[in-house]
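Below: final_14.cif (mmCIF, C-alpha atoms)
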data_coords
loop_
_atom_site.label_atom_id
_atom_site.label_comp_id
_atom_site.auth_asym_id
_atom_site.auth_seq_id
_atom_site.Cartn_x
_atom_site.Cartn_y
_atom_site.Cartn_z
CA MET A 171 4.58 36.91 -32.15
CA LEU A 172 2.09 34.11 -32.14
CA GLN A 173 4.16 32.29 -29.56
CA THR A 174 4.18 35.32 -27.28
CA LYS A 175 0.46 35.54 -27.47
CA VAL A 176 0.04 31.87 -26.66
CA ARG A 177 2.30 32.26 -23.68
CA GLN A 178 0.37 35.27 -22.46
CA ASN A 179 -2.80 33.27 -22.76
CA ASP A 180 -1.25 30.44 -20.83
CA GLU A 181 -0.13 32.77 -18.10
CA ALA A 182 -3.49 34.46 -17.95
CA LEU A 183 -5.14 31.07 -17.77
CA SER A 184 -2.92 29.71 -15.05
CA SER A 185 -3.10 32.82 -12.88
CA GLN A 186 -6.83 32.84 -13.35
CA SER A 187 -7.17 29.21 -12.37
CA ARG A 188 -4.93 29.83 -9.40
CA ALA A 189 -7.11 32.70 -8.28
CA ASN A 190 -10.17 30.48 -8.56
CA SER A 191 -8.67 27.38 -6.99
CA PRO A 192 -9.48 26.76 -3.35
CA LYS A 193 -6.72 27.34 -0.82
CA LEU A 194 -6.01 24.15 1.02
CA LEU A 195 -3.94 23.74 4.17
CA ALA A 196 -2.57 20.19 4.52
CA VAL A 197 -1.20 19.31 7.95
CA ALA A 198 0.60 16.16 9.14
CA SER A 199 3.10 15.14 11.83
CA GLY A 200 6.18 13.14 10.87
CA GLY A 201 6.68 9.54 9.74
CA GLY A 202 3.53 7.63 8.87
CA HIS A 203 1.26 10.67 9.17
CA TRP A 204 3.25 12.56 6.54
CA ILE A 205 3.57 9.55 4.23
CA GLN A 206 -0.20 9.01 4.34
CA LEU A 207 -0.75 12.69 3.50
CA MET A 208 1.60 12.31 0.51
CA ARG A 209 -0.54 9.40 -0.71
CA ILE A 210 -3.66 11.54 -1.02
CA THR A 211 -2.12 14.62 -2.67
CA GLN A 212 -3.79 13.70 -5.98
CA ALA A 213 -7.04 14.77 -4.34
CA PHE A 214 -5.64 18.31 -4.02
CA ALA A 215 -4.92 18.68 -7.74
CA ASP A 216 -7.34 21.59 -8.17
CA CYS A 217 -6.14 23.42 -5.08
CA SER A 218 -3.47 25.87 -4.15
CA VAL A 219 -1.81 23.87 -1.36
CA THR A 220 0.16 24.90 1.72
CA PHE A 221 1.83 22.09 3.65
CA VAL A 222 2.52 22.10 7.39
CA THR A 223 4.60 19.43 9.10
CA VAL A 224 7.17 18.94 11.86
CA HIS A 225 10.45 18.26 10.00
CA ASP A 226 12.15 20.63 7.57
CA SER A 227 13.58 17.58 5.75
CA TYR A 228 10.19 16.95 4.10
CA ARG A 229 10.35 20.28 2.26
CA ASN A 230 11.84 18.84 -0.97
CA GLN A 231 8.99 16.38 -1.37
CA VAL A 232 6.54 19.22 -1.92
CA ALA A 233 8.79 21.68 -3.75
CA GLY A 234 6.85 24.49 -5.36
CA HIS A 235 4.26 24.64 -2.60
CA ASN A 236 4.14 26.80 0.49
CA PHE A 237 5.70 24.91 3.36
CA TYR A 238 5.80 25.53 7.11
CA VAL A 239 7.32 23.67 10.04
CA VAL A 240 5.77 23.62 13.52
CA ASN A 241 6.84 21.96 16.78
CA ASP A 242 6.30 18.21 16.95
CA ALA A 243 3.75 18.47 19.71
CA ASN A 244 1.64 15.93 21.55
CA ARG A 245 -0.60 16.19 24.52
CA TRP A 246 2.18 15.13 26.88
CA ARG A 247 4.38 18.07 25.97
CA LYS A 248 2.38 21.14 26.92
CA ILE A 249 4.95 23.80 26.05
CA ALA A 250 5.58 22.35 22.59
CA LEU A 251 1.83 22.11 22.12
CA LEU A 252 1.39 25.80 22.97
CA LYS A 253 4.19 26.81 20.60
CA ALA A 254 2.71 24.71 17.81
CA ALA A 255 -0.74 26.20 18.47
CA ALA A 256 0.63 29.74 18.28
CA LYS A 257 2.43 29.11 15.01
CA LEU A 258 -0.55 27.28 13.52
CA ALA A 259 -2.82 30.17 14.50
CA TRP A 260 -0.48 32.51 12.67
CA ILE A 261 -0.35 30.24 9.60
CA VAL A 262 -4.13 29.82 9.46
CA TRP A 263 -4.62 33.56 9.93
CA SER A 264 -2.18 34.56 7.19
CA GLU A 265 -3.06 31.81 4.68
CA LYS A 266 -6.82 32.00 5.23
CA PRO A 267 -7.42 28.52 3.78
CA ASP A 268 -10.80 27.47 2.36
CA ILE A 269 -10.11 23.89 3.40
CA VAL A 270 -7.97 22.32 6.14
CA ILE A 271 -7.08 18.63 5.89
CA SER A 272 -5.03 16.46 8.24
CA THR A 273 -3.89 12.86 8.64
CA GLY A 274 -2.94 13.55 12.29
CA ALA A 275 -1.78 13.96 14.85
CA ALA A 276 -1.88 16.79 17.45
CA PRO A 277 -0.80 19.65 15.10
CA GLY A 278 -3.49 18.54 12.64
CA TYR A 279 -6.11 18.53 15.38
CA LEU A 280 -5.17 22.10 16.29
CA ALA A 281 -5.12 23.19 12.64
CA LEU A 282 -8.64 21.85 12.03
CA ARG A 283 -10.01 23.66 15.06
CA LEU A 284 -8.30 26.91 14.09
CA GLY A 285 -9.47 26.51 10.49
CA ARG A 286 -13.03 26.01 11.72
CA MET A 287 -12.84 29.35 13.53
CA ILE A 288 -12.21 31.22 10.28
CA GLY A 289 -14.91 29.27 8.43
CA ALA A 290 -12.76 26.76 6.56
CA ARG A 291 -14.13 23.35 5.63
CA THR A 292 -12.29 20.65 7.54
CA ILE A 293 -11.29 17.08 6.69
CA TRP A 294 -9.80 14.53 9.09
CA LEU A 295 -8.40 11.26 7.77
CA ASP A 296 -7.50 9.12 10.77
CA SER A 297 -4.24 7.19 10.41
CA ILE A 298 -4.44 3.64 9.07
CA ALA A 299 -2.32 2.67 12.08
CA ASN A 300 -5.38 3.07 14.31
CA VAL A 301 -7.08 -0.26 13.73
CA GLU A 302 -8.74 -0.97 17.10
CA GLN A 303 -9.90 2.53 17.94
CA LEU A 304 -9.49 6.02 16.60
CA SER A 305 -6.47 8.01 17.75
CA MET A 306 -7.00 10.40 20.66
CA SER A 307 -6.94 13.37 18.27
CA GLY A 308 -9.08 11.48 15.79
CA SER A 309 -11.83 10.64 18.25
CA ARG A 310 -11.99 14.17 19.64
CA ILE A 311 -11.97 15.95 16.29
CA GLY A 312 -15.37 14.61 15.16
CA ARG A 313 -17.38 17.70 16.11
CA PHE A 314 -14.92 19.92 14.26
CA ALA A 315 -14.44 17.86 11.11
CA ASP A 316 -16.89 18.41 8.24
CA LEU A 317 -15.60 15.21 6.66
CA TRP A 318 -14.52 12.75 9.34
CA LEU A 319 -12.91 9.58 8.00
CA THR A 320 -11.41 6.38 9.38
CA GLN A 321 -9.50 3.98 7.14
CA TRP A 322 -11.10 0.90 8.70
CA PRO A 323 -14.71 -0.03 7.90
CA HIS A 324 -15.20 -1.66 11.31
CA LEU A 325 -14.48 1.64 13.10
CA THR A 326 -17.31 3.55 11.40
CA ARG A 327 -20.26 4.65 13.50
CA PRO A 328 -23.55 6.39 12.79
CA GLY A 329 -22.74 10.09 12.63
CA GLY A 330 -19.08 9.40 11.89
CA PRO A 331 -16.33 8.62 11.44
CA TYR A 332 -17.09 7.33 7.95
CA TYR A 333 -15.16 5.03 5.65
CA ALA A 334 -14.35 6.00 2.07
CA GLY A 335 -11.31 3.86 1.30
CA SER A 336 -7.77 3.77 2.64
CA VAL A 337 -4.33 5.03 1.66
CA LEU A 338 -3.32 1.48 0.71
CA MET B 1058 21.45 -5.39 1.75
CA ILE B 1059 19.13 -5.65 4.74
CA PHE B 1060 17.74 -2.38 6.09
CA VAL B 1061 16.54 -2.21 9.69
CA THR B 1062 14.47 0.79 10.79
CA VAL B 1063 12.71 1.74 14.01
CA GLY B 1064 11.46 5.26 13.22
CA THR B 1065 12.10 8.35 15.27
CA GLN B 1066 9.72 8.05 18.22
CA GLY B 1067 11.89 6.11 20.66
CA HIS B 1068 14.44 3.36 20.99
CA PHE B 1069 13.63 -0.20 19.97
CA ASP B 1070 16.88 -1.92 20.90
CA ARG B 1071 15.14 -5.30 21.28
CA LEU B 1072 14.60 -5.41 17.51
CA VAL B 1073 18.03 -4.15 16.47
CA ARG B 1074 19.85 -6.39 18.97
CA THR B 1075 18.06 -9.47 17.64
CA VAL B 1076 19.07 -8.68 14.06
CA ASP B 1077 22.65 -7.89 15.18
CA GLU B 1078 22.98 -11.30 16.83
CA TRP B 1079 21.48 -13.04 13.80
CA ALA B 1080 23.87 -11.18 11.45
CA GLY B 1081 26.84 -12.22 13.59
CA LYS B 1082 25.76 -15.84 13.66
CA HIS B 1083 25.25 -15.97 9.88
CA GLY B 1084 28.20 -13.81 8.86
CA ARG B 1085 25.99 -11.17 7.25
CA THR B 1086 27.97 -7.98 6.78
CA ASP B 1087 25.41 -6.15 4.66
CA VAL B 1088 23.01 -5.00 7.38
CA PHE B 1089 22.38 -1.32 8.07
CA ALA B 1090 20.17 -0.13 10.92
CA GLN B 1091 18.48 3.16 11.72
CA THR B 1092 18.20 2.91 15.48
CA GLY B 1093 16.33 6.03 16.67
CA PRO B 1094 17.21 7.82 19.91
CA SER B 1095 19.31 4.99 21.37
CA ASP B 1096 22.89 4.81 22.65
CA ALA B 1097 23.21 1.08 22.12
CA SER B 1098 26.12 -0.06 19.94
CA TYR B 1099 26.23 -3.15 17.77
CA ARG B 1100 28.97 -5.53 16.77
CA HIS B 1101 27.94 -6.91 13.42
CA ILE B 1102 25.85 -4.25 11.76
CA ARG B 1103 26.38 -0.61 10.81
CA SER B 1104 23.96 1.84 12.34
CA GLU B 1105 22.88 5.47 12.54
CA GLN B 1106 20.32 7.02 14.84
CA PHE B 1107 18.49 8.96 12.16
CA VAL B 1108 18.46 9.23 8.37
CA ASP B 1109 16.65 11.94 6.41
CA PRO B 1110 13.58 11.05 4.32
CA ALA B 1111 15.41 10.98 0.96
CA LYS B 1112 18.15 8.76 2.37
CA PHE B 1113 15.56 6.59 4.08
CA ARG B 1114 13.88 5.92 0.75
CA GLU B 1115 17.25 5.15 -0.84
CA TYR B 1116 18.01 2.58 1.85
CA VAL B 1117 14.64 0.88 1.36
CA GLU B 1118 15.15 1.00 -2.41
CA SER B 1119 18.51 -0.71 -2.28
CA ALA B 1120 17.48 -3.28 0.34
CA SER B 1121 16.36 -6.79 -0.52
CA LEU B 1122 14.66 -7.01 2.87
CA VAL B 1123 13.34 -4.41 5.32
CA ILE B 1124 13.02 -5.23 9.02
CA ALA B 1125 11.03 -2.61 10.89
CA HIS B 1126 8.90 -1.64 13.85
CA ALA B 1127 5.19 -1.73 12.98
CA GLY B 1128 5.13 1.95 12.01
CA MET B 1129 3.11 3.04 8.98
CA GLY B 1130 5.96 5.10 7.54
CA SER B 1131 8.16 2.00 7.30
CA ILE B 1132 5.37 -0.29 6.12
CA ILE B 1133 4.02 2.02 3.42
CA THR B 1134 7.48 2.92 2.07
CA ALA B 1135 8.41 -0.77 1.78
CA LEU B 1136 5.11 -1.59 0.06
CA GLU B 1137 5.46 1.36 -2.34
CA LEU B 1138 8.87 0.10 -3.40
CA GLY B 1139 7.73 -3.53 -3.58
CA LYS B 1140 10.13 -4.69 -0.86
CA ARG B 1141 9.78 -7.67 1.40
CA ILE B 1142 9.20 -6.46 4.94
CA ILE B 1143 9.16 -8.14 8.34
CA VAL B 1144 7.75 -6.02 11.15
CA MET B 1145 7.95 -6.51 14.89
CA PRO B 1146 5.53 -4.39 16.95
CA ARG B 1147 6.74 -2.23 19.83
CA ARG B 1148 5.35 -3.13 23.23
CA ALA B 1149 4.15 -0.68 25.85
CA SER B 1150 5.04 -3.09 28.66
CA MET B 1151 8.70 -2.84 27.64
CA GLY B 1152 8.69 0.95 27.50
CA GLU B 1153 8.95 0.93 23.72
CA GLN B 1154 5.77 2.95 23.21
CA ARG B 1155 2.99 4.59 25.23
CA ASN B 1156 0.35 2.12 24.09
CA ASP B 1157 0.10 -1.16 22.21
CA HIS B 1158 -1.34 0.21 18.97
CA GLN B 1159 1.53 -1.31 16.97
CA MET B 1160 0.38 -4.73 18.18
CA ALA B 1161 -3.08 -4.06 16.76
CA THR B 1162 -1.67 -2.72 13.47
CA ALA B 1163 0.61 -5.72 13.14
CA LYS B 1164 -2.18 -8.21 13.84
CA ARG B 1165 -4.46 -6.63 11.25
CA PHE B 1166 -1.77 -6.48 8.55
CA ALA B 1167 -0.70 -10.03 9.32
CA GLN B 1168 -4.30 -11.17 8.65
CA GLN B 1169 -4.27 -9.36 5.33
CA GLY B 1170 -1.06 -11.14 4.35
CA ARG B 1171 0.56 -8.00 2.97
CA ILE B 1172 3.56 -8.11 5.26
CA GLU B 1173 5.39 -10.57 7.50
CA VAL B 1174 4.88 -10.08 11.21
CA ALA B 1175 7.06 -11.34 14.06
CA PHE B 1176 5.48 -10.73 17.44
CA ASP B 1177 8.65 -11.41 19.42
CA GLU B 1178 12.39 -12.01 19.02
CA ARG B 1179 11.99 -15.75 18.60
CA GLU B 1180 9.53 -15.35 15.74
CA LEU B 1181 11.80 -12.77 14.14
CA LEU B 1182 14.77 -15.16 14.21
CA ASP B 1183 12.57 -17.89 12.80
CA LYS B 1184 11.47 -15.67 9.89
CA LEU B 1185 15.06 -14.57 9.24
CA ASP B 1186 16.16 -18.20 9.11
CA HIS B 1187 13.51 -18.91 6.47
CA LEU B 1188 13.97 -15.84 4.30
CA ASP B 1189 13.61 -17.78 1.05
CA VAL B 1190 9.91 -18.42 1.68
CA ILE B 1191 8.99 -14.72 1.90
CA ASP B 1192 7.70 -13.55 -1.47
CA GLU B 1193 8.51 -10.35 -3.26
CA THR B 1194 5.47 -8.12 -3.42
CA GLU B 1195 3.98 -6.11 -6.27
CA PRO B 1196 4.84 -2.45 -5.74
CA LEU B 1197 1.96 -0.40 -4.43
CA SER B 1198 0.82 2.51 -6.60
CA PRO B 1199 2.11 5.82 -5.21
CA GLN B 1200 -1.35 7.15 -4.41
CA ALA B 1201 -4.18 5.98 -2.15
CA SER B 1202 -7.21 3.96 -3.32
CA GLN B 1203 -9.13 5.79 -6.05
CA ASP B 1204 -12.23 5.66 -3.85
CA LEU B 1205 -10.55 7.72 -1.19
CA ILE B 1206 -9.00 10.19 -3.62
CA ALA B 1207 -12.34 10.67 -5.39
CA SER B 1208 -14.23 11.17 -2.12
CA ILE B 1209 -11.84 13.80 -0.81
CA ARG B 1210 -11.71 15.51 -4.17
CA THR B 1211 -15.49 15.64 -4.43
CA PHE B 1212 -15.73 17.01 -0.93
CA ILE B 1213 -13.14 19.71 -1.63
CA ARG B 1214 -14.99 20.75 -4.77
CA THR B 1215 -18.58 20.60 -3.59
CA GLY B 1216 -18.70 20.27 0.17
CA HIS B 1217 -20.62 17.01 -0.20
CA VAL B 1218 -19.70 13.39 -0.61
CA ASP B 1219 -21.75 10.23 -0.51
CA VAL B 1220 -19.68 8.11 1.82
CA GLU B 1221 -22.56 5.68 2.16
CA ALA B 1222 -21.88 4.43 -1.37
CA HIS B 1223 -18.48 3.25 -0.20
CA ARG B 1224 -20.00 1.58 2.83
CA LEU B 1225 -22.44 -0.33 0.65
CA ARG B 1226 -19.66 -1.41 -1.66
CA TYR B 1227 -17.68 -2.59 1.33
CA ASP B 1228 -20.71 -4.51 2.57
CA GLN B 1229 -20.94 -6.29 -0.75
CA MET B 1230 -17.27 -7.15 -0.61
CA ALA B 1231 -17.77 -8.45 2.90
CA LEU B 1232 -20.69 -10.58 1.76
CA GLN B 1233 -18.63 -12.03 -1.03
CA ASN B 1234 -15.99 -12.94 1.48
CA CYS B 1235 -18.61 -14.63 3.64
CA ARG B 1236 -17.98 -12.21 6.45
CA SER B 1237 -21.36 -10.53 6.35
CA SER B 1238 -22.20 -10.51 10.03
CA VAL B 1239 -21.37 -6.94 11.05
CA PRO B 1240 -22.56 -4.10 8.86
CA SER B 1241 -26.22 -4.86 8.04
CA ALA B 1242 -27.54 -3.77 11.42
CA ARG B 1243 -25.58 -0.54 11.26
CA ARG B 1244 -26.78 0.43 7.86
CA GLU B 1245 -30.30 1.30 8.95
CA ASP B 1246 -29.46 3.96 11.45
CA THR B 1247 -26.78 5.74 9.45
CA GLY B 1248 -29.08 6.71 6.57
CA LEU B 1249 -27.74 9.35 4.26
CA ASP B 1250 -27.67 12.19 6.70
CA PHE B 1251 -23.97 12.67 6.42
CA VAL B 1252 -23.99 16.22 5.12
CA ARG B 1253 -23.83 18.57 8.06
CA SER B 1254 -25.38 21.98 7.79
CA SER B 1255 -21.99 23.64 7.91
CA VAL B 1256 -20.89 21.67 4.88
CA VAL B 1257 -23.59 23.01 2.63
CA VAL B 1258 -22.23 26.55 2.78
CA GLN B 1259 -20.39 27.16 -0.47
CA ILE B 1260 -17.08 28.88 -0.16
CA PRO B 1261 -16.89 31.79 -2.60
CA GLY B 1262 -14.40 31.07 -5.32
CA ALA B 1263 -14.23 27.37 -4.59
CA VAL B 1264 -13.91 25.15 -7.61
CA GLY B 1265 -17.31 23.75 -8.38
CA SER B 1266 -19.31 26.73 -7.19
CA GLU B 1267 -21.54 27.78 -10.02
CA PRO B 1268 -20.45 30.82 -12.06
CA LYS B 1269 -22.85 33.69 -11.63
#

Here is a file; write its structure as structure tokens.
Amino acid sequence: MLQTKVRQNDEALSSQSRANSPKLLAVASGGGHWIQLMRITQAFADCSVTFVTVHDSYRNQVAGHNFYVVNDANRWRKIALLKAAAKLAWIVWSEKPDIVISTGAAPGYLALRLGRMIGARTIWLDSIANVEQLSMSGSRIGRFADLWLTQWPHLTRPGGPYYAGSVL
Amino acid sequence: MIFVTVGTQGHFDRLVRTVDEWAGKHGRTDVFAQTGPSDASYRHIRSEQFVDPAKFREYVESASLVIAHAGMGSIITALELGKRIIVMPRRASMGEQRNDHQMATAKRFAQQGRIEVAFDERELLDKLDHLDVIDETEPLSPQASQDLIASIRTFIRTGHVDVEAHRLRYDQMALQNCRSSVPSARREDTGLDFVRSSVVVQIPGAVGSEPK
């Protein structure tokens, strides 16, 4: 009896906290981009997270969360880019995230811009691989990123990108 | 076991071929290579074009040495598992990548001393011949620096974050390391005007918004 009540309380509590937790859309391409996203997931602890990436094989690493796959697009492959944009638009529209975060590359750029359109807060963490200059996506996303970060102090500039630590 | 990996973005036969020849010369039969989209075949080492992420981690885990292109996926995985890693950057001039950003990554990480870097085949062979001098590394914690986690977390919760605090801390670190020449001039014009107007809007229901 007591146990049942405790469990009900727990359930009430968790569904309540879920309802109150911000919806976060986390987007990353494959390889290093995805691994860097995995290294900041602790920052999403209070959020209800939906992951978007380019390989279905990453699904197990984020079991229990919503998970979508889009085309591995870049600016050299226009058709793939259009397909990815269409799917991302659908994901953003149906998930209605409060926050969109990306570690790159092109799909993340698109997701931030789409998120911005529906009023989501946006975060861009440029890949640690970009040590001499920001990535193409990373340098163009500045206007659309509410928090615009590089992982290298020497790449910061007045007005952004800013440095707040790295994934290493 | 030695694990060679070149990622998924394109062939990097120059790296795998060098290790194959070295393995043949030294009678190493415990080398496995993930070769990417390449049709090249090798005489002394086993290879597969692609391995899935779980398998990839298993290979790194069971390897005593990782030899990789200068991709962050390879580097971070090796560091997380505390493995010795030698990287060789891809070169745009050899059609191995669209630009030379792996060269820049490799140079920077070489300066930091976290990983071994071979800029060409000759240097790679040299490092392989002197394997005993490469130290094991302390495994990296599975999450990013606490500074970064805290900043992103604060921003998610409140829509604000004082990134300048991190800059100042970095400046102090730089001063301590006697490399103080760059940031002081920049500091003046950045100020604390980071928060953009759009950020200040509180999202209803976001954690951290005050209960009514």

| message | I'd like the contact shell of Gly234 in chain A - 10 Å cut-off, all atoms listed in the file, skipping same-chain residues fewer than 5 positions apart - returned as number ranges by chain. | response | A: 219-220, 229

| Residues of chain A within 9 Å of chain B, all atoms listed in the file counted, as a ChimeraX atom specification | /A:189-194,200-206,208-217,227-228,230-231,268-269,289-291,293,297-303,316-317,323-324,327-330,332-338

Ref. answer, residues at most 12 Å from (1.3, 28.0, 9.1) with only C-alpha atoms, as a JSON list (two decimals) with C-alpha atoms, keeping the file's coordinate frame:
[["chain", "number", "residue", "atom", "x", "y", "z"],
["A", 194, "LEU", "CA", -6.01, 24.15, 1.02],
["A", 195, "LEU", "CA", -3.94, 23.74, 4.17],
["A", 196, "ALA", "CA", -2.57, 20.19, 4.52],
["A", 197, "VAL", "CA", -1.20, 19.31, 7.95],
["A", 198, "ALA", "CA", 0.60, 16.16, 9.14],
["A", 219, "VAL", "CA", -1.81, 23.87, -1.36],
["A", 220, "THR", "CA", 0.16, 24.90, 1.72],
["A", 221, "PHE", "CA", 1.83, 22.09, 3.65],
["A", 222, "VAL", "CA", 2.52, 22.10, 7.39],
["A", 223, "THR", "CA", 4.60, 19.43, 9.10],
["A", 224, "VAL", "CA", 7.17, 18.94, 11.86],
["A", 236, "ASN", "CA", 4.14, 26.80, 0.49],
["A", 237, "PHE", "CA", 5.70, 24.91, 3.36],
["A", 238, "TYR", "CA", 5.80, 25.53, 7.11],
["A", 239, "VAL", "CA", 7.32, 23.67, 10.04],
["A", 240, "VAL", "CA", 5.77, 23.62, 13.52],
["A", 241, "ASN", "CA", 6.84, 21.96, 16.78],
["A", 253, "LYS", "CA", 4.19, 26.81, 20.60],
["A", 254, "ALA", "CA", 2.71, 24.71, 17.81],
["A", 255, "ALA", "CA", -0.74, 26.20, 18.47],
["A", 256, "ALA", "CA", 0.63, 29.74, 18.28],
["A", 257, "LYS", "CA", 2.43, 29.11, 15.01],
["A", 258, "LEU", "CA", -0.55, 27.28, 13.52],
["A", 259, "ALA", "CA", -2.82, 30.17, 14.50],
["A", 260, "TRP", "CA", -0.48, 32.51, 12.67],
["A", 261, "ILE", "CA", -0.35, 30.24, 9.60],
["A", 262, "VAL", "CA", -4.13, 29.82, 9.46],
["A", 263, "TRP", "CA", -4.62, 33.56, 9.93],
["A", 264, "SER", "CA", -2.18, 34.56, 7.19],
["A", 265, "GLU", "CA", -3.06, 31.81, 4.68],
["A", 266, "LYS", "CA", -6.82, 32.00, 5.23],
["A", 267, "PRO", "CA", -7.42, 28.52, 3.78],
["A", 270, "VAL", "CA", -7.97, 22.32, 6.14],
["A", 277, "PRO", "CA", -0.80, 19.65, 15.10],
["A", 278, "GLY", "CA", -3.49, 18.54, 12.64],
["A", 280, "LEU", "CA", -5.17, 22.10, 16.29],
["A", 281, "ALA", "CA", -5.12, 23.19, 12.64],
["A", 284, "LEU", "CA", -8.30, 26.91, 14.09],
["A", 285, "GLY", "CA", -9.47, 26.51, 10.49]]

| said: Between CA of Asp1192 in chain B and CA of Met1145 in chain B, what distance in Å does the model show, to one decimal? | reply: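 CA of Met1145 in chain B lies at a distance of 17.8 Å from CA of Asp1192 in chain B.
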
| query | Which residue, B:Leu1122, B:Ala1080, B:Ala1175, B:Val1073, has the smallest gap to Met1058 in chain B when you use all atoms listed in the file? | reply |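 Of all the options, B:Leu1122 lies closest to Met1058 in chain B.
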
| field | Å distance separating CA of Ile1143 in chain B from CA of Ser272 in chain A, one decimal place | value |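 These two atoms are separated by 28.4 Å.
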
| query | Which value, in Å to one decimal, gives the distance between CA of Ala243 in chain A and CA of Leu1072 in chain B? | reply |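 We find that CA of Ala243 in chain A and CA of Leu1072 in chain B lie 26.3 Å from each other.
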
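Candidate residues A:Gln321, A:Thr326, A:Thr292, A:Thr273 were compared for distance to Ser307 in chain A, and the nearest is A:Thr273, using only C-alpha atoms.
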
Centre and edge lengths, as lines of an AutoDock Vina configuration file, for the axis-aligned box enclosing every listed atom of range 1148-1161 of chain B with 3 Å of padding on each of the six sides, in Å to one decimal?
center_x = 2.9
center_y = -0.1
center_z = 22.7
size_x = 18.0
size_y = 15.3
size_z = 17.9

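Counting all atoms listed in the file and comparing B:Ala1120, B:Val1076, B:Val1061, B:Val1108, the residue that lies closest to Glu1178 in chain B is B:Val1076.
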
| request: For the structure provided, state which residues fall under the PyMOL selection byres ((chain B and resi 1082) around 12), and present them as a ChimeraX atom specification. | output: /B:1075-1081,1083-1086,1100-1102,1182,1185-1186

| said: Report as an NGL selection string all protein, DNA and RNA residues lying within 9 Å of Ser309 in chain A, evaluated on all atoms listed in the file, omitting residues in the same chain fewer than 5 positions from it. | reply: :A and (296 or 303-304 or 331)

| task | Please provide as a list in words all residues within 7 Å of Arg1147 in chain B, with the sequence filter that same-chain residues fewer than 6 positions apart are discarded (counting only C-alpha atoms). | result | His1126, Glu1153, Gln1154 and Gln1159 of chain B

Taking the block just given, write range 298-325 of chain A to a file that holds C-alpha atoms, as a CSV table (one decimal), in the first residue's frame.
chain,number,residue,atom,x,y,z
A,298,ILE,CA,37.7,21.2,-31.8
A,299,ALA,CA,39.2,20.1,-35.2
A,300,ASN,CA,38.9,23.7,-36.4
A,301,VAL,CA,42.0,25.2,-34.9
A,302,GLU,CA,43.1,27.8,-37.5
A,303,GLN,CA,39.7,29.1,-38.5
A,304,LEU,CA,36.1,28.3,-37.8
A,305,SER,CA,34.4,25.7,-40.0
A,306,MET,CA,32.4,27.0,-43.0
A,307,SER,CA,29.1,26.2,-41.1
A,308,GLY,CA,30.6,27.6,-37.9
A,309,SER,CA,31.6,30.9,-39.3
A,310,ARG,CA,28.3,31.5,-41.0
A,311,ILE,CA,26.1,30.4,-38.1
A,312,GLY,CA,27.1,33.4,-35.9
A,313,ARG,CA,24.0,35.5,-36.6
A,314,PHE,CA,21.7,32.6,-35.9
A,315,ALA,CA,23.4,31.2,-32.8
A,316,ASP,CA,22.4,32.7,-29.4
A,317,LEU,CA,25.4,31.0,-27.8
A,318,TRP,CA,28.2,30.8,-30.4
A,319,LEU,CA,31.3,28.9,-29.1
A,320,THR,CA,34.7,27.9,-30.4
A,321,GLN,CA,36.9,25.5,-28.6
A,322,TRP,CA,40.1,27.5,-29.1
A,323,PRO,CA,40.7,30.7,-27.2
A,324,HIS,CA,42.7,32.2,-30.1
A,325,LEU,CA,39.7,32.0,-32.4
